[in-house]
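Q: Quick one: this structure, given as structure tokens, is what I'll be asking you about.
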Amino acid sequence: IVSEMYSPPRVTAELRRSKKRFRHVFPGFAFDLTVNDPADGQPWDFSKVAKQDRARQVMRDQRPYMLIGSPECKHFSTWQALNTARSSDLEALRRAKRKAIAHIEFMVSLYEEQYEAGRYFLHEHPLHATSWQLRRMKDLMAKPGVELAHGDQCQYGAVIRRGMRTGDSIKKPTGFLSNSPEVCKQLARRCQGRNGECSRAAGGRHAPCSGIHAKDSARYPRGLCQAILKGVTQQLRADELLKDGCYGAQAADDEAEIRRNVLGPELGYSGQY
């Protein structure tokens, strides 16, 4: 039901931890440099065309209901402009940027397959990343039913994980692009705090998300994983693939039409039972 790309097991790992809560939603693959391909024991390095082709084939075989992608964002961050201004090797930065764009475009091609097949995708990148301005990304955003939700990760439990400010919240405004209305609803929580204050239940002030803390924050807080899974569950219900009295996701059917045309009152069925 849920698979991940450019990601170690995050949402899929939460599924395994929360089997009772999300018992109808089953984890699929999680492909990332930190995960080895069982076919050859090598990492899923998507700078290699062979790995791209294999991942695409696995996706086509498994047909995940929801495909989640979170390719690396550092080359699209607002800090990157400062790095460019100070760099003594601009060509190296340009090469890295071209490589990062190629990763985004590969991921968009997978999202487009999901979209055309009537399934769902979720793309996560910082809200102010320049990647949202890429042509392929803008084309995807323009498709009917595709929505960009804005969520602040402090509302999902993002905090400093080490050092003097351990436990302080990190706002981290994030863009979540999806064609799932129910997932977008769950990922649109905004911080209402002002002047650095955080509106989470524990309160406090936002800590800067830079340096090692920015790297740490690439790990989704558990609350964010659970919000995604809640949205997926609600989408399954909206699509009538989860039904009361049935265990697990069901095949799509024409139940409403059957009730109307086969079990209608003209054939003596009252609909009471």
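Residue numbering restarts at 1 for every chain of the structure tokens, chains are lettered A, B, ... in their displayed order, and ligands are numbered from 1 as they appear.
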Can you tell me, as JSON, numbers by chain, what residues are no more than 10 Å from region 126-132 of chain A when counting only C-alpha atoms, ignoring any on the same chain fewer than 6 positions away?
A: {"A": [70, 73, 74, 75, 76, 77, 78, 79, 80, 100, 101, 104, 138, 141, 148, 149, 150, 151, 152, 172, 173, 174, 175, 176, 177]}
Q: Export N, CA, C and O atoms of the chosen residues as a compact mmCIF listing (two decimals), in the first residue's frame?
A:
```
# COMPACT_ATOMS: atom_id res chain seq x y z
N SER A 70 11.29 11.57 -1.36
CA SER A 70 11.94 12.71 -0.67
C SER A 70 13.40 12.78 -1.10
O SER A 70 14.30 12.51 -0.30
N CYS A 73 17.63 17.51 -0.78
CA CYS A 73 17.20 18.88 -1.04
C CYS A 73 18.30 19.93 -0.89
O CYS A 73 18.08 21.10 -1.18
N LYS A 74 19.50 19.53 -0.44
CA LYS A 74 20.49 20.54 -0.06
C LYS A 74 20.90 21.44 -1.23
O LYS A 74 21.22 22.62 -1.03
N HIS A 75 20.87 20.92 -2.45
CA HIS A 75 21.28 21.73 -3.61
C HIS A 75 20.19 22.71 -4.04
O HIS A 75 20.40 23.50 -4.96
N PHE A 76 19.03 22.66 -3.38
CA PHE A 76 17.94 23.56 -3.70
C PHE A 76 17.59 24.47 -2.52
O PHE A 76 16.58 25.17 -2.55
N SER A 77 18.43 24.46 -1.49
CA SER A 77 18.12 25.23 -0.29
C SER A 77 18.53 26.68 -0.44
O SER A 77 19.32 27.05 -1.31
N THR A 78 17.97 27.52 0.45
CA THR A 78 18.33 28.95 0.42
C THR A 78 19.78 29.16 0.84
O THR A 78 20.40 30.16 0.46
N TRP A 79 20.35 28.20 1.60
CA TRP A 79 21.76 28.31 1.97
C TRP A 79 22.67 28.13 0.76
O TRP A 79 23.82 28.58 0.77
N GLN A 80 22.16 27.44 -0.28
CA GLN A 80 23.01 27.14 -1.43
C GLN A 80 23.49 28.40 -2.14
O GLN A 80 24.58 28.43 -2.71
N ALA A 100 21.51 16.72 -8.98
CA ALA A 100 20.34 16.81 -8.10
C ALA A 100 19.06 16.99 -8.91
O ALA A 100 18.01 16.40 -8.59
N ILE A 101 19.13 17.80 -9.97
CA ILE A 101 17.96 18.01 -10.83
C ILE A 101 17.56 16.70 -11.52
O ILE A 101 16.37 16.38 -11.64
N ILE A 104 15.52 14.64 -9.17
CA ILE A 104 14.15 15.15 -9.06
C ILE A 104 13.33 14.72 -10.27
O ILE A 104 12.19 14.25 -10.15
N LYS A 138 6.84 21.94 -12.07
CA LYS A 138 5.71 22.84 -12.28
C LYS A 138 4.65 22.18 -13.17
O LYS A 138 3.44 22.39 -12.97
N MET A 141 2.74 19.92 -10.89
CA MET A 141 1.87 20.69 -10.00
C MET A 141 0.63 21.21 -10.71
O MET A 141 -0.40 21.46 -10.07
N LEU A 148 -0.49 21.33 -3.44
CA LEU A 148 0.70 21.58 -2.61
C LEU A 148 0.23 22.02 -1.23
O LEU A 148 -0.35 23.09 -1.07
N ALA A 149 0.47 21.16 -0.23
CA ALA A 149 0.11 21.49 1.16
C ALA A 149 1.34 22.04 1.87
O ALA A 149 2.47 21.63 1.60
N HIS A 150 1.11 22.97 2.79
CA HIS A 150 2.18 23.57 3.59
C HIS A 150 2.00 23.10 5.03
O HIS A 150 0.99 23.38 5.67
N GLY A 151 3.00 22.37 5.51
CA GLY A 151 2.98 21.93 6.90
C GLY A 151 4.26 22.33 7.60
O GLY A 151 5.34 22.30 7.01
N ASP A 152 4.16 22.76 8.85
CA ASP A 152 5.33 23.09 9.66
C ASP A 152 5.65 21.89 10.54
O ASP A 152 4.80 21.43 11.32
N LYS A 172 10.76 24.21 10.46
CA LYS A 172 10.97 23.54 9.18
C LYS A 172 9.71 23.56 8.29
O LYS A 172 9.05 22.53 8.07
N PRO A 173 9.37 24.71 7.71
CA PRO A 173 8.23 24.76 6.78
C PRO A 173 8.48 23.82 5.60
O PRO A 173 9.53 23.87 4.96
N THR A 174 7.51 22.97 5.31
CA THR A 174 7.70 21.91 4.32
C THR A 174 6.55 21.91 3.32
O THR A 174 5.40 22.14 3.69
N GLY A 175 6.89 21.65 2.07
CA GLY A 175 5.88 21.50 1.03
C GLY A 175 5.60 20.02 0.80
O GLY A 175 6.53 19.22 0.68
N PHE A 176 4.34 19.66 0.76
CA PHE A 176 3.92 18.29 0.50
C PHE A 176 3.03 18.31 -0.74
O PHE A 176 1.91 18.82 -0.70
N LEU A 177 3.54 17.76 -1.84
CA LEU A 177 2.79 17.75 -3.09
C LEU A 177 2.18 16.37 -3.28
O LEU A 177 2.88 15.35 -3.24
```
Q: Show which residues sit within 10 Å of Gln186 (chain A), as a ChimeraX atom specification. Count only C-alpha atoms, and ignore same-chain residues fewer than 6 positions away.
A: /A:149,151,224,226-232,234
Q: Considering only C-alpha atoms, can you say which of A:Thr34, A:Gln62, A:Gln272, A:Gln52 comes closest to Met107 (chain A)?
A: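 Checking each candidate against Met107 (chain A), we get A:Gln52 as the closest.
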Q: Env of Arg16 (chain A): 12 Å cut, atoms = only C-alpha atoms, seq-sep filter 3 positions within chain, self excluded. Answer as a ChimeraX atom specification.
A: /A:2,9-13,19-28,225-226,229
Q: Dump N, CA, C and O atoms for the selected residues as a short mmCIF file (atom, residue, chain, number, x, y, z; two decimals), in the first residue's frame?
A:
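Here's the written file out_16.cif:
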```cif
data_model
loop_
_atom_site.label_atom_id
_atom_site.label_comp_id
_atom_site.auth_asym_id
_atom_site.auth_seq_id
_atom_site.Cartn_x
_atom_site.Cartn_y
_atom_site.Cartn_z
N VAL A 2 1.94 1.29 0.79
CA VAL A 2 2.82 2.46 0.90
C VAL A 2 4.27 2.05 0.63
O VAL A 2 4.78 1.12 1.24
N PRO A 9 13.75 3.27 5.36
CA PRO A 9 12.40 3.01 5.90
C PRO A 9 12.02 4.06 6.95
O PRO A 9 12.63 4.14 8.01
N ARG A 10 11.06 4.89 6.65
CA ARG A 10 10.54 5.90 7.57
C ARG A 10 9.06 5.62 7.82
O ARG A 10 8.68 5.13 8.88
N VAL A 11 8.25 5.93 6.81
CA VAL A 11 6.82 5.67 6.94
C VAL A 11 6.57 4.17 6.98
O VAL A 11 5.73 3.69 7.76
N THR A 12 7.30 3.40 6.17
CA THR A 12 7.13 1.94 6.19
C THR A 12 7.58 1.37 7.54
O THR A 12 7.00 0.41 8.03
N ALA A 13 8.62 1.97 8.14
CA ALA A 13 9.05 1.51 9.46
C ALA A 13 7.99 1.82 10.51
O ALA A 13 7.74 1.02 11.42
N LYS A 19 1.35 -1.59 13.94
CA LYS A 19 0.54 -2.57 13.20
C LYS A 19 -0.93 -2.53 13.60
O LYS A 19 -1.82 -2.67 12.76
N LYS A 20 -1.20 -2.33 14.89
CA LYS A 20 -2.59 -2.36 15.34
C LYS A 20 -3.35 -1.12 14.87
O LYS A 20 -4.49 -1.21 14.44
N ARG A 21 -2.68 0.04 14.92
CA ARG A 21 -3.36 1.27 14.55
C ARG A 21 -3.63 1.34 13.05
O ARG A 21 -4.69 1.80 12.61
N PHE A 22 -2.66 0.88 12.25
CA PHE A 22 -2.80 0.96 10.79
C PHE A 22 -2.80 -0.46 10.20
O PHE A 22 -2.05 -0.76 9.28
N ARG A 23 -3.65 -1.29 10.75
CA ARG A 23 -3.59 -2.72 10.42
C ARG A 23 -3.99 -3.01 8.98
O ARG A 23 -3.73 -4.10 8.47
N HIS A 24 -4.65 -2.07 8.30
CA HIS A 24 -5.07 -2.30 6.92
C HIS A 24 -4.03 -1.81 5.91
O HIS A 24 -4.20 -2.02 4.71
N VAL A 25 -2.99 -1.12 6.37
CA VAL A 25 -2.03 -0.49 5.46
C VAL A 25 -0.72 -1.25 5.54
O VAL A 25 -0.09 -1.29 6.59
N PHE A 26 -0.29 -1.82 4.43
CA PHE A 26 0.87 -2.70 4.45
C PHE A 26 2.09 -2.03 3.81
O PHE A 26 1.97 -1.36 2.79
N PRO A 27 3.27 -2.21 4.42
CA PRO A 27 4.48 -1.56 3.91
C PRO A 27 5.03 -2.25 2.67
O PRO A 27 5.03 -3.48 2.57
N GLY A 28 5.50 -1.44 1.73
CA GLY A 28 6.17 -1.95 0.54
C GLY A 28 7.66 -1.69 0.62
O GLY A 28 8.27 -1.77 1.69
N CYS A 225 5.12 10.79 10.24
CA CYS A 225 4.84 9.48 9.64
C CYS A 225 3.41 9.04 9.92
O CYS A 225 2.71 8.54 9.03
N GLN A 226 2.97 9.27 11.16
CA GLN A 226 1.62 8.86 11.52
C GLN A 226 0.57 9.70 10.80
O GLN A 226 -0.49 9.18 10.42
N LEU A 229 0.21 8.29 7.33
CA LEU A 229 -0.52 7.03 7.35
C LEU A 229 -2.01 7.24 7.64
O LEU A 229 -2.86 6.53 7.09
#
```
Q: With region 122-125 of chain A as the partner and 9 Å as the cut-off, tabulate the residues of region 4-114 of chain A that qualify, each row holding the nearest pair of atoms and their distance in Å to one decimal, using only C-alpha atoms, sorted by chain and rising number, as a tab-separated table.
A:
```
residue	atom	partner	partner_atom	distance
A:Met66	CA	A:Leu122	CA	7.2
A:Leu67	CA	A:Leu122	CA	6.2
A:Ile68	CA	A:Leu122	CA	4.7
A:Gly69	CA	A:His123	CA	4.9
A:Ser70	CA	A:Glu124	CA	5.1
A:Pro71	CA	A:His125	CA	7.8
A:Glu72	CA	A:His125	CA	8.3
A:Cys73	CA	A:His125	CA	6.5
A:Met107	CA	A:His123	CA	8.7
A:Val108	CA	A:His123	CA	8.8
A:Tyr111	CA	A:Leu122	CA	8.1
```
